[in-house]
Amino acid sequence: MSAPADTVLDRARQNAGLSHGELYLRYFELGGMSSAFQVEAIVYELAEASPHDYDVLAHALNERFVELGGDHPVPYASEP
Amino acid sequence: MTMADTELTLALTTQLSEVARALFAAGDVSSTLQTVVDLATVTIEGCDYASVFVEHPAADRRAIASDPLVARLDELQQRIGQGPCIDTLRSGQSVYVEDLAADPHWPQFGPEAAESGIRCLLVLPLSATGTFGVLNLAASFPAAYGATDRAKGVIFATLAELALTGAQTHEEEDRRADNLHQALVTRELIGRAEGILMERERITSTQAFDILRRASQHLNVKLKEVAEELVETGERPRTGPNDPARRGR
């Protein structure tokens, strides 16, 4: 089995120190509607997210970076 | 098997069954550790003091002792970096020291432990899921444990290990349930804040989320706090420049 693809969201997830389950819970908390399985597929760019869904995920990650003393490093789909 | 042997076996089985029941009924990890040390001194003949600690990669080290004397003994070993407990932690094997005053293995720890009143020590490894720990059974007299007591100690440690694994799983499930509950509460709050914005500004839920998200970024607070403020005060959050809902109308 090949290693998962190196994607922007997955790199951010790893830098934020979040497991897939932890990221999903944060995404769900913000109102995300996709399943945990779909979110993982989005993170690995195996499924396409709507701009809104992408932004919910990006914000879940960015809130974690703020907790860690950082800024909002993950770009939003609605802010090209 | 003689009548006396049969009675002894029956007594042992009954005692260990009761120990198992008590250990599994203790509840969380701290209560289980407390029960382990409480029961060790009454179950293992010759055992005057007991201490236990477990290390978990995702949590603090947890230690409980039946008496400050044996807690000091653990601290001493950690401080000087030698002792049977340290050996068990490194090797994962049990260690039995008949007489700390006479054993040459730990030239500093042995005499100091004997001086403090502990002569005999049985150290047993505890490997509950995802953790590693040690059970110390200490005695005031040398050669306090016979072969049966040591065997009983091994069974006791195995039961403690299983009970700790159960307690850890239980705690983990509780933590997950709490997190999920908290996530649901927050999700509902954010939904209410979005609803207020949608109704008031005649926008979609996506646009309402965007306002909250931009405000969260602009004010450098969590989106949850922006939603809370909006629900409580009814005031539209400040989003900084480029508010999409305002721009698009």
# chains A, B, ... in the order shown; residues from 1 in each chain; ligands from 1
>>> residues_around(residues="B:Pro142", least_positions_apart="2", cutoff="8 Å", atoms="only C-alpha atoms", output="PyMOL selection string")
chain B and resi 98-100+119-120+139-140+144
>>> write_last_selection(atoms="N, CA, C and O atoms", output="CSV table (one decimal), in the first residue's frame")
chain,number,residue,atom,x,y,z
B,98,GLU,N,15.7,-10.3,48.6
B,98,GLU,CA,15.4,-10.9,49.9
B,98,GLU,C,15.8,-10.0,51.1
B,98,GLU,O,15.0,-9.9,52.0
B,99,ASP,N,17.0,-9.4,50.9
B,99,ASP,CA,17.4,-8.5,52.0
B,99,ASP,C,18.2,-7.3,51.4
B,99,ASP,O,19.3,-7.5,50.9
B,100,LEU,N,17.6,-6.2,51.4
B,100,LEU,CA,18.2,-5.0,50.8
B,100,LEU,C,19.5,-4.6,51.5
B,100,LEU,O,20.4,-4.0,50.9
B,119,ARG,N,13.3,-3.9,54.3
B,119,ARG,CA,14.4,-4.9,54.1
B,119,ARG,C,14.1,-5.8,52.9
B,119,ARG,O,15.1,-6.2,52.3
B,120,CYS,N,12.9,-6.0,52.6
B,120,CYS,CA,12.6,-7.0,51.5
B,120,CYS,C,11.6,-6.3,50.5
B,120,CYS,O,10.7,-5.6,50.9
B,139,ALA,N,8.4,-5.0,52.4
B,139,ALA,CA,8.3,-5.7,53.7
B,139,ALA,C,9.4,-5.2,54.7
B,139,ALA,O,10.5,-4.8,54.3
B,140,SER,N,9.0,-5.2,56.0
B,140,SER,CA,10.0,-4.7,57.0
B,140,SER,C,11.0,-5.7,57.4
B,140,SER,O,12.0,-5.4,58.0
B,144,ALA,N,10.7,-11.9,53.4
B,144,ALA,CA,9.3,-11.9,53.9
B,144,ALA,C,8.4,-12.8,53.0
B,144,ALA,O,7.4,-13.2,53.4
>>> interface_residues(of="chain B", to="chain A", cutoff="10 Å", atoms="only C-alpha atoms", output="count of residues only")
29
>>> select_by_dssp(residues="stretch 49-127 of chain B", states="alpha helix (DSSP H)", output="PyMOL selection string")
chain B and resi 68-80+84-91+109-116
>>> select_by_dssp(residues="stretch 56-234 of chain B", states="strand (DSSP E)", output="mmCIF file with C-alpha atoms, in the first residue's frame")
data_model
loop_
_atom_site.group_PDB
_atom_site.id
_atom_site.type_symbol
_atom_site.label_atom_id
_atom_site.label_comp_id
_atom_site.auth_asym_id
_atom_site.auth_seq_id
_atom_site.Cartn_x
_atom_site.Cartn_y
_atom_site.Cartn_z
ATOM 1 C CA HIS B 56 0.995 6.782 30.023
ATOM 2 C CA ALA B 59 -1.032 11.537 30.429
ATOM 3 C CA ASP B 60 0.880 12.307 33.589
ATOM 4 C CA ARG B 61 2.643 9.658 35.551
ATOM 5 C CA ARG B 62 0.309 8.475 38.287
ATOM 6 C CA ALA B 63 1.651 7.073 41.541
ATOM 7 C CA ILE B 64 -0.007 5.917 44.737
ATOM 8 C CA ALA B 65 1.592 4.504 47.875
ATOM 9 C CA VAL B 95 12.821 -8.430 40.780
ATOM 10 C CA TYR B 96 12.858 -10.047 44.203
ATOM 11 C CA VAL B 97 15.277 -8.761 46.823
ATOM 12 C CA CYS B 120 12.593 -6.987 51.491
ATOM 13 C CA LEU B 121 11.125 -5.946 48.142
ATOM 14 C CA LEU B 122 9.179 -7.691 45.399
ATOM 15 C CA VAL B 123 8.868 -5.532 42.278
ATOM 16 C CA LEU B 124 6.411 -6.628 39.605
ATOM 17 C CA PRO B 125 5.898 -5.109 36.153
ATOM 18 C CA LEU B 126 2.411 -3.912 35.116
ATOM 19 C CA PHE B 132 3.847 0.649 31.672
ATOM 20 C CA GLY B 133 3.946 0.563 35.423
ATOM 21 C CA VAL B 134 5.402 -1.101 38.451
ATOM 22 C CA LEU B 135 3.954 -2.637 41.604
ATOM 23 C CA ASN B 136 6.228 -2.565 44.640
ATOM 24 C CA LEU B 137 5.508 -4.934 47.511
ATOM 25 C CA ALA B 138 7.677 -3.905 50.431
ATOM 26 C CA ALA B 139 8.281 -5.678 53.749
#
>>> atom_distance(atom1="atom CA of B:Gly146", atom2="atom CA of B:Gln15")
17.6 Å
